[in-house]
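Q: mmCIF, C-alpha atoms, file my_file09.cif:
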data_run
loop_
_atom_site.group_PDB
_atom_site.id
_atom_site.type_symbol
_atom_site.label_atom_id
_atom_site.label_comp_id
_atom_site.auth_asym_id
_atom_site.auth_seq_id
_atom_site.Cartn_x
_atom_site.Cartn_y
_atom_site.Cartn_z
ATOM 1 C CA MET Z 1 0.381 11.709 -17.010
ATOM 2 C CA PHE Z 2 0.188 15.451 -16.516
ATOM 3 C CA GLY Z 3 -2.404 17.068 -18.747
ATOM 4 C CA GLY Z 4 -3.584 13.684 -19.995
ATOM 5 C CA TYR Z 5 -5.040 10.379 -18.945
ATOM 6 C CA ALA Z 6 -3.720 7.041 -17.792
ATOM 7 C CA PHE Z 7 -6.279 4.311 -18.292
ATOM 8 C CA TYR Z 8 -6.622 1.743 -15.552
ATOM 9 C CA GLU Z 9 -7.490 -1.888 -15.728
ATOM 10 C CA SER Z 10 -10.742 -3.123 -14.237
ATOM 11 C CA TYR Z 11 -10.848 -4.738 -10.835
ATOM 12 C CA LEU Z 12 -12.653 -8.066 -10.871
ATOM 13 C CA VAL Z 13 -14.099 -9.724 -7.793
ATOM 14 C CA GLU Z 14 -15.435 -13.242 -8.175
ATOM 15 C CA ASN Z 15 -15.906 -12.657 -11.908
ATOM 16 C CA GLN Z 16 -18.003 -9.545 -11.273
ATOM 17 C CA GLN Z 17 -16.935 -6.031 -11.983
ATOM 18 C CA VAL Z 18 -17.268 -4.202 -8.679
ATOM 19 C CA VAL Z 19 -15.225 -1.066 -9.183
ATOM 20 C CA ALA Z 20 -13.784 -0.167 -12.575
ATOM 21 C CA VAL Z 21 -11.205 2.575 -12.168
ATOM 22 C CA GLU Z 22 -11.436 4.105 -15.598
ATOM 23 C CA GLN Z 23 -8.904 6.872 -15.591
ATOM 24 C CA LEU Z 24 -6.535 8.909 -13.520
ATOM 25 C CA ARG Z 25 -6.141 12.576 -14.335
ATOM 26 C CA THR Z 26 -3.338 14.690 -12.959
ATOM 27 C CA ASP Z 27 -3.211 18.455 -13.088
ATOM 28 C CA GLY Z 28 -2.003 21.356 -11.006
ATOM 29 C CA ASP Z 29 -4.473 20.568 -8.243
ATOM 30 C CA GLY Z 30 -3.467 16.959 -7.710
ATOM 31 C CA VAL Z 31 -4.745 13.602 -8.929
ATOM 32 C CA HIS Z 32 -8.340 12.726 -9.759
ATOM 33 C CA GLU Z 33 -9.471 9.133 -9.803
ATOM 34 C CA ASN Z 34 -12.740 8.234 -11.510
ATOM 35 C CA GLY Z 35 -14.600 4.985 -10.891
ATOM 36 C CA GLU Z 36 -17.884 3.511 -11.958
ATOM 37 C CA GLU Z 37 -20.008 0.738 -10.613
ATOM 38 C CA GLY Z 38 -20.968 -2.501 -12.276
ATOM 39 C CA HIS Z 39 -23.721 -5.089 -11.920
ATOM 40 C CA GLY Z 40 -25.721 -2.937 -9.544
ATOM 41 C CA ASN Z 41 -22.944 -2.582 -7.013
ATOM 42 C CA ASP Z 42 -22.618 1.044 -5.989
ATOM 43 C CA ALA Z 43 -19.171 2.489 -5.362
ATOM 44 C CA HIS Z 44 -20.782 4.343 -2.460
ATOM 45 C CA GLU Z 45 -21.254 0.985 -0.724
ATOM 46 C CA LEU Z 46 -17.788 0.956 0.771
ATOM 47 C CA VAL Z 47 -17.123 0.025 4.364
ATOM 48 C CA ILE Z 48 -14.777 2.064 6.539
ATOM 49 C CA ASN Z 49 -11.520 0.127 6.741
ATOM 50 C CA HIS Z 50 -8.862 1.286 9.205
ATOM 51 C CA GLU Z 51 -10.724 4.583 9.613
ATOM 52 C CA LYS Z 52 -10.790 5.335 5.854
ATOM 53 C CA LEU Z 53 -12.983 4.456 2.887
ATOM 54 C CA LEU Z 54 -10.023 4.088 0.560
ATOM 55 C CA HIS Z 55 -6.306 3.529 1.032
ATOM 56 C CA PHE Z 56 -4.380 4.462 -2.114
ATOM 57 C CA ILE Z 57 -0.890 2.931 -2.077
ATOM 58 C CA ILE Z 58 1.598 4.002 -4.763
ATOM 59 C CA VAL Z 59 5.153 2.757 -5.380
ATOM 60 C CA ASP Z 60 7.593 3.610 -8.143
ATOM 61 C CA GLU Z 61 9.181 1.065 -10.475
ATOM 62 C CA HIS Z 62 12.085 0.374 -8.089
ATOM 63 C CA GLN Z 63 9.977 0.448 -4.930
ATOM 64 C CA GLU Z 64 12.068 3.331 -3.682
ATOM 65 C CA LYS Z 65 9.222 5.847 -3.532
ATOM 66 C CA TYR Z 66 6.191 4.958 -1.441
ATOM 67 C CA TYR Z 67 3.009 6.935 -0.896
ATOM 68 C CA HIS Z 68 0.123 6.008 1.380
ATOM 69 C CA LEU Z 69 -2.701 8.367 0.483
ATOM 70 C CA HIS Z 70 -6.338 8.747 1.494
ATOM 71 C CA PRO Z 71 -8.308 10.293 -1.371
ATOM 72 C CA GLU Z 72 -11.198 12.623 -0.699
ATOM 73 C CA ARG Z 73 -14.508 11.575 -2.213
ATOM 74 C CA ILE Z 74 -15.818 14.401 -4.367
ATOM 75 C CA GLY Z 75 -18.660 12.637 -6.166
ATOM 76 C CA LYS Z 76 -20.289 9.342 -6.998
ATOM 77 C CA GLY Z 77 -17.457 6.880 -7.495
ATOM 78 C CA GLU Z 78 -14.953 9.736 -7.771
ATOM 79 C CA PHE Z 79 -12.085 10.520 -5.424
ATOM 80 C CA ARG Z 80 -9.490 13.269 -5.441
ATOM 81 C CA ILE Z 81 -5.882 12.912 -4.339
ATOM 82 C CA GLY Z 82 -4.183 16.151 -3.380
ATOM 83 C CA LYS Z 83 -0.699 14.914 -4.217
ATOM 84 C CA ILE Z 84 1.581 15.819 -7.083
ATOM 85 C CA LEU Z 85 3.822 12.932 -8.113
ATOM 86 C CA PRO Z 86 7.205 13.430 -9.778
ATOM 87 C CA ASN Z 87 7.683 12.055 -13.280
ATOM 88 C CA GLY Z 88 8.049 8.308 -13.257
ATOM 89 C CA PHE Z 89 6.613 4.838 -13.677
ATOM 90 C CA TYR Z 90 4.314 3.748 -10.866
ATOM 91 C CA LYS Z 91 1.981 1.072 -9.623
ATOM 92 C CA ALA Z 92 -1.097 1.844 -7.568
ATOM 93 C CA PHE Z 93 -2.900 -0.433 -5.142
ATOM 94 C CA ILE Z 94 -6.472 0.523 -4.261
ATOM 95 C CA ASP Z 95 -7.291 -0.975 -0.902
ATOM 96 C CA ILE Z 96 -11.035 -0.805 -0.296
ATOM 97 C CA LYS Z 97 -13.659 -2.914 1.426
ATOM 98 C CA PRO Z 98 -16.875 -3.176 -0.616
ATOM 99 C CA LYS Z 99 -19.931 -4.004 1.437
ATOM 100 C CA GLN Z 100 -20.777 -7.728 1.425
ATOM 101 C CA LEU Z 101 -18.211 -8.490 -1.273
ATOM 102 C CA VAL Z 102 -14.758 -10.076 -1.361
ATOM 103 C CA TYR Z 103 -12.249 -7.735 -2.957
ATOM 104 C CA SER Z 104 -8.771 -8.530 -4.225
ATOM 105 C CA VAL Z 105 -6.193 -5.763 -4.503
ATOM 106 C CA GLU Z 106 -4.335 -5.848 -7.826
ATOM 107 C CA PRO Z 107 -1.554 -3.582 -9.123
ATOM 108 C CA VAL Z 108 -2.458 -0.829 -11.560
ATOM 109 C CA PRO Z 109 0.494 0.556 -13.559
ATOM 110 C CA PHE Z 110 0.482 4.190 -14.652
ATOM 111 C CA VAL Z 111 2.909 6.832 -15.867
ATOM 112 C CA VAL Z 112 3.354 10.429 -14.731
ATOM 113 C CA GLY Z 113 4.896 12.880 -17.193
ATOM 114 C CA ASN Z 114 7.516 11.727 -19.681
ATOM 115 C CA PRO Z 115 10.064 9.803 -17.612
ATOM 116 C CA VAL Z 116 13.220 8.348 -19.101
ATOM 117 C CA VAL Z 117 13.158 4.568 -19.234
ATOM 118 C CA SER Z 118 15.704 3.260 -16.761
ATOM 119 C CA VAL Z 119 18.375 0.982 -18.191
ATOM 120 C CA ASP Z 120 19.377 -0.182 -14.719
ATOM 121 C CA ASN Z 121 17.221 -3.023 -13.469
ATOM 122 C CA GLU Z 122 17.656 -2.410 -9.777
ATOM 123 C CA GLU Z 123 16.644 -5.457 -7.795
ATOM 124 C CA LEU Z 124 15.656 -5.624 -4.171
ATOM 125 C CA LYS Z 125 18.254 -6.966 -1.775
ATOM 126 C CA PRO Z 126 17.429 -8.330 1.680
ATOM 127 C CA ASP Z 127 18.524 -6.177 4.586
ATOM 128 C CA ASP Z 128 21.358 -7.502 6.730
ATOM 129 C CA GLN Z 129 19.670 -6.014 9.776
ATOM 130 C CA LEU Z 130 16.013 -5.104 10.122
ATOM 131 C CA ILE Z 131 16.731 -1.768 11.783
ATOM 132 C CA GLN Z 132 15.861 1.592 10.241
ATOM 133 C CA THR Z 133 16.328 5.148 11.478
ATOM 134 C CA VAL Z 134 14.207 7.994 10.103
ATOM 135 C CA GLU Z 135 14.538 11.564 11.377
ATOM 136 C CA GLY Z 136 16.284 10.373 14.514
ATOM 137 C CA GLU Z 137 13.697 7.688 15.312
ATOM 138 C CA THR Z 138 14.907 4.071 15.226
ATOM 139 C CA VAL Z 139 12.579 1.118 14.664
ATOM 140 C CA LYS Z 140 13.606 -2.543 14.711
ATOM 141 C CA LEU Z 141 11.497 -5.217 13.046
ATOM 142 C CA ASN Z 142 11.297 -8.689 14.607
ATOM 143 C CA MET Z 143 9.646 -11.451 12.573
ATOM 144 C CA SER Z 144 8.512 -14.762 14.037
ATOM 145 C CA SER Z 145 9.103 -16.674 10.796
ATOM 146 C CA PHE Z 146 10.756 -16.253 7.394
ATOM 147 C CA ARG Z 147 8.997 -19.187 5.717
ATOM 148 C CA THR Z 148 5.933 -19.587 3.530
ATOM 149 C CA ASN Z 149 2.536 -20.783 4.704
ATOM 150 C CA GLU Z 150 3.237 -20.050 8.356
ATOM 151 C CA PRO Z 151 1.538 -17.390 10.462
ATOM 152 C CA VAL Z 152 3.982 -14.523 10.799
ATOM 153 C CA SER Z 153 4.056 -11.929 13.548
ATOM 154 C CA LEU Z 154 5.766 -8.630 12.839
ATOM 155 C CA LYS Z 155 6.755 -6.904 16.065
ATOM 156 C CA PHE Z 156 8.289 -3.451 15.937
ATOM 157 C CA ASP Z 157 10.603 -2.246 18.695
ATOM 158 C CA LEU Z 158 10.457 1.528 19.063
ATOM 159 C CA ASP Z 159 10.003 4.277 21.625
ATOM 160 C CA ARG Z 160 6.391 3.704 22.620
ATOM 161 C CA THR Z 161 6.255 6.882 24.684
ATOM 162 C CA LYS Z 162 6.142 8.803 21.389
ATOM 163 C CA LEU Z 163 3.696 6.467 19.669
ATOM 164 C CA THR Z 164 0.042 7.397 19.135
ATOM 165 C CA PRO Z 165 -2.719 5.554 17.230
ATOM 166 C CA TYR Z 166 -2.738 5.782 13.449
ATOM 167 C CA LEU Z 167 -5.606 4.422 11.348
ATOM 168 C CA GLY Z 168 -7.153 2.664 14.325
ATOM 169 C CA ALA Z 169 -4.008 0.846 15.416
ATOM 170 C CA MET Z 170 -0.483 1.493 16.607
ATOM 171 C CA GLY Z 171 0.718 1.732 13.027
ATOM 172 C CA HIS Z 172 -0.066 0.531 9.527
ATOM 173 C CA VAL Z 173 1.906 -2.008 7.467
ATOM 174 C CA VAL Z 174 2.005 -2.668 3.700
ATOM 175 C CA ILE Z 175 3.915 -5.562 2.108
ATOM 176 C CA LEU Z 176 4.675 -6.092 -1.610
ATOM 177 C CA ASP Z 177 6.630 -8.799 -3.359
ATOM 178 C CA GLU Z 178 9.787 -7.943 -5.309
ATOM 179 C CA ASN Z 179 7.866 -7.383 -8.562
ATOM 180 C CA ALA Z 180 5.174 -5.258 -6.892
ATOM 181 C CA GLN Z 181 2.558 -7.721 -8.104
ATOM 182 C CA LYS Z 182 1.420 -9.258 -4.837
ATOM 183 C CA TYR Z 183 -0.163 -7.043 -2.173
ATOM 184 C CA LEU Z 184 -0.244 -8.724 1.206
ATOM 185 C CA HIS Z 185 -2.928 -7.974 3.733
ATOM 186 C CA VAL Z 186 -1.517 -7.205 7.159
ATOM 187 C CA HIS Z 187 -3.671 -7.026 10.268
ATOM 188 C CA PRO Z 188 -2.838 -5.484 13.653
ATOM 189 C CA SER Z 189 -2.839 -8.009 16.499
ATOM 190 C CA ASN Z 190 -4.591 -5.461 18.681
ATOM 191 C CA GLY Z 191 -5.025 -1.719 18.999
ATOM 192 C CA GLU Z 192 -2.517 -1.302 21.798
ATOM 193 C CA GLU Z 193 0.791 -2.633 20.451
ATOM 194 C CA PRO Z 194 2.833 -2.286 17.212
ATOM 195 C CA ILE Z 195 2.419 -5.978 16.391
ATOM 196 C CA PHE Z 196 0.942 -7.224 13.108
ATOM 197 C CA GLU Z 197 -0.018 -10.553 11.548
ATOM 198 C CA THR Z 198 0.328 -11.871 7.995
ATOM 199 C CA LYS Z 199 1.285 -14.939 5.949
ATOM 200 C CA PHE Z 200 3.542 -15.359 2.902
ATOM 201 C CA SER Z 201 2.225 -17.781 0.268
ATOM 202 C CA ASN Z 202 5.266 -17.722 -2.025
ATOM 203 C CA PRO Z 203 9.023 -17.607 -1.436
ATOM 204 C CA GLY Z 204 11.065 -14.614 -2.574
ATOM 205 C CA LEU Z 205 11.902 -11.082 -1.593
ATOM 206 C CA TYR Z 206 9.355 -8.766 -0.034
ATOM 207 C CA LYS Z 207 9.427 -5.110 0.892
ATOM 208 C CA ILE Z 208 7.705 -4.035 4.080
ATOM 209 C CA TRP Z 209 6.600 -0.456 4.772
ATOM 210 C CA ALA Z 210 5.556 0.411 8.308
ATOM 211 C CA ASP Z 211 3.883 3.753 9.055
ATOM 212 C CA PHE Z 212 3.950 5.039 12.628
ATOM 213 C CA LYS Z 213 2.658 8.236 14.157
ATOM 214 C CA GLN Z 214 5.337 9.501 16.515
ATOM 215 C CA ASP Z 215 5.006 12.812 18.352
ATOM 216 C CA GLY Z 216 2.199 13.731 15.967
ATOM 217 C CA LYS Z 217 4.211 13.036 12.788
ATOM 218 C CA ILE Z 218 3.810 10.049 10.475
ATOM 219 C CA ARG Z 219 7.096 8.356 9.568
ATOM 220 C CA THR Z 220 7.609 5.419 7.219
ATOM 221 C CA PHE Z 221 10.193 2.701 7.862
ATOM 222 C CA SER Z 222 10.988 0.168 5.131
ATOM 223 C CA TYR Z 223 12.581 -3.269 5.224
ATOM 224 C CA VAL Z 224 13.426 -5.964 2.664
ATOM 225 C CA VAL Z 225 13.191 -9.598 3.765
ATOM 226 C CA ALA Z 226 13.794 -12.967 2.087
ATOM 227 C CA ILE Z 227 11.107 -15.608 2.543
ATOM 228 C CA ALA Z 228 12.026 -19.269 2.060
ATOM 229 C CA GLU Z 229 9.902 -22.319 1.271
ATOM 230 C CA GLU Z 230 8.240 -24.014 4.194
ATOM 231 C CA LYS Z 231 10.053 -27.039 5.549
#
When written as structure tokens, how does the structure in this file appear?
A:
Amino acid sequence: MFGGYAFYESYLVENQQVVAVEQLRTDGDGVHENGEEGHGNDAHELVINHEKLLHFIIVDEHQEKYYHLHPERIGKGEFRIGKILPNGFYKAFIDIKPKQLVYSVEPVPFVVGNPVVSVDNEELKPDDQLIQTVEGETVKLNMSSFRTNEPVSLKFDLDRTKLTPYLGAMGHVVILDENAQKYLHVHPSNGEEPIFETKFSNPGLYKIWADFKQDGKIRTFSYVVAIAEEK
């Protein structure tokens, strides 16, 4: 919240507190995120993951707004985000890779300003066609499977002549379930093509955000898909 604090839950990894994000402070200069270490594990011991120490993913309550940010480390366990968010209810996902530890990304709810509670419970609806156009650029998503517990390839058809590497691959993909509770890890198949790999453990609706760097500009394309139980 502007001028105040939103207290975050602790992140637990194998019953050990690795990074406890204590508070998020927003002011005129952006967002400050403070963390502390636990059980001798130093927050400085983070491994570069997709060219960054920390990927800070934020979505609003309806998963209409999406932000993929890379905070700047300004101190021990402290990062700064130079982004001003509009008033609203949000969830943050802190994607990091602690050295020699398994880390699970969990949602962290927080509030900015004094937003009005929405009376409309807008639910996700699956797209009829997995084709999106942003600023004149069209990207089509092709998925190898729409069922749980099967390896899934996500192949994006787009103008590759305009595509350049972004975060060590030909794009970056984030997937959340319809309640923004489950954060799926998505891995590029290689560094040369916009093809990614994942797996869905549970049936339901999922929203997919794909970031591509085209002609030097990063554009985000979103899709909603329905995943069914395995046969």
Q: Spell out the residues picked by the PyMOL selection byres ((chain Z and resi 87) around 8) here, as a list in words.
A: Leu85, Pro86, Gly88, Phe89, Val111, Val112, Gly113, Asn114 and Pro115 of chain Z
Q: Selected residues, C-alpha atoms, written as an mmCIF file, keeping the file's coordinate frame, please.
A:
data_model
loop_
_atom_site.group_PDB
_atom_site.id
_atom_site.type_symbol
_atom_site.label_atom_id
_atom_site.label_comp_id
_atom_site.auth_asym_id
_atom_site.auth_seq_id
_atom_site.Cartn_x
_atom_site.Cartn_y
_atom_site.Cartn_z
ATOM 1 C CA LEU Z 85 3.822 12.932 -8.113
ATOM 2 C CA PRO Z 86 7.205 13.430 -9.778
ATOM 3 C CA GLY Z 88 8.049 8.308 -13.257
ATOM 4 C CA PHE Z 89 6.613 4.838 -13.677
ATOM 5 C CA VAL Z 111 2.909 6.832 -15.867
ATOM 6 C CA VAL Z 112 3.354 10.429 -14.731
ATOM 7 C CA GLY Z 113 4.896 12.880 -17.193
ATOM 8 C CA ASN Z 114 7.516 11.727 -19.681
ATOM 9 C CA PRO Z 115 10.064 9.803 -17.612
#
Q: Could you check the closest approach to Thr133 (chain Z) for each of Z:Thr164, Z:Tyr103, Z:Glu229, Z:Phe221 and tell me which residue wins, using all atoms listed in the file?
A: Z:Phe221
Q: Apply the PyMOL selection byres ((chain Z and resi 167) around 12) to the structure shown and report the selected residues as number ranges by chain.
A: Z: 48-55, 68-70, 164-166, 168-173, 187-188, 191, 211-213, 218
Q: Residues near region 183-186 of chain Z, anyone? I mean within 9 Å using only C-alpha atoms, not counting same-chain ones fewer than 2 positions away, as a ChimeraX atom specification.
A: /Z:93,104-107,172-177,180-181,188,196-200
Q: With distances taken over only C-alpha atoms, which residue among Z:Glu45, Z:Ser201, Z:Trp209, Z:Ile57 lies nearest Phe146 (chain Z)?
A: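 Once distances to Phe146 (chain Z) are computed over only C-alpha atoms, the minimum belongs to Z:Ser201.
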Q: Of the residues Z:Gln214, Z:Val152, Z:Tyr223, Z:Glu230, which is the one nearest to Asp128 (chain Z), using only C-alpha atoms?
A: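 Among Z:Gln214, Z:Val152, Z:Tyr223, Z:Glu230, it is Z:Tyr223 that comes nearest to Asp128 (chain Z).
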Q: Which protein, DNA or RNA residues have an atom at most 12 Å from (9.0, -9.5, -7.8), counting only C-alpha atoms? List them as a ChimeraX atom specification.
A: /Z:61-63,121-125,175-183,202-207,224,226
Q: Mind pulling up the distance from CA of Lys140 (chain Z) to CA of Ser189 (chain Z)?
A: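 Separation between CA of Ser189 (chain Z) and CA of Lys140 (chain Z): 17.4 Å.
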Q: I'd like to know which of Z:Val139, Z:Leu154, Z:Ile195, Z:Val116 is closest to Arg219 (chain Z), using only C-alpha atoms.
A: Z:Val139
Q: Please write as a list in words the list of polymer residues whose atoms come within 7 Å of (9.6, -5.0, 12.2), counting all atoms listed in the file and keeping to the coordinates of the file.
A: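 With a cut-off of 7 Å, the residues come to Leu130, Lys140, Leu141, Asn142, Met143, Leu154, Lys155 and Phe156 of chain Z.
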Q: For Ser222 (chain Z), which residue out of Z:Ser118, Z:Ser145, Z:Gln132, Z:Gln100 is the nearest one, using all atoms listed in the file?
A: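 Closest candidate: Z:Gln132.
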Q: Nearest to Pro194 (chain Z) among Z:Val59, Z:Ile96, Z:Leu158, Z:Val225, with distances taken over only C-alpha atoms: which residue is it?
A: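 Answer, going by the shortest atom-to-atom distance: Z:Leu158.
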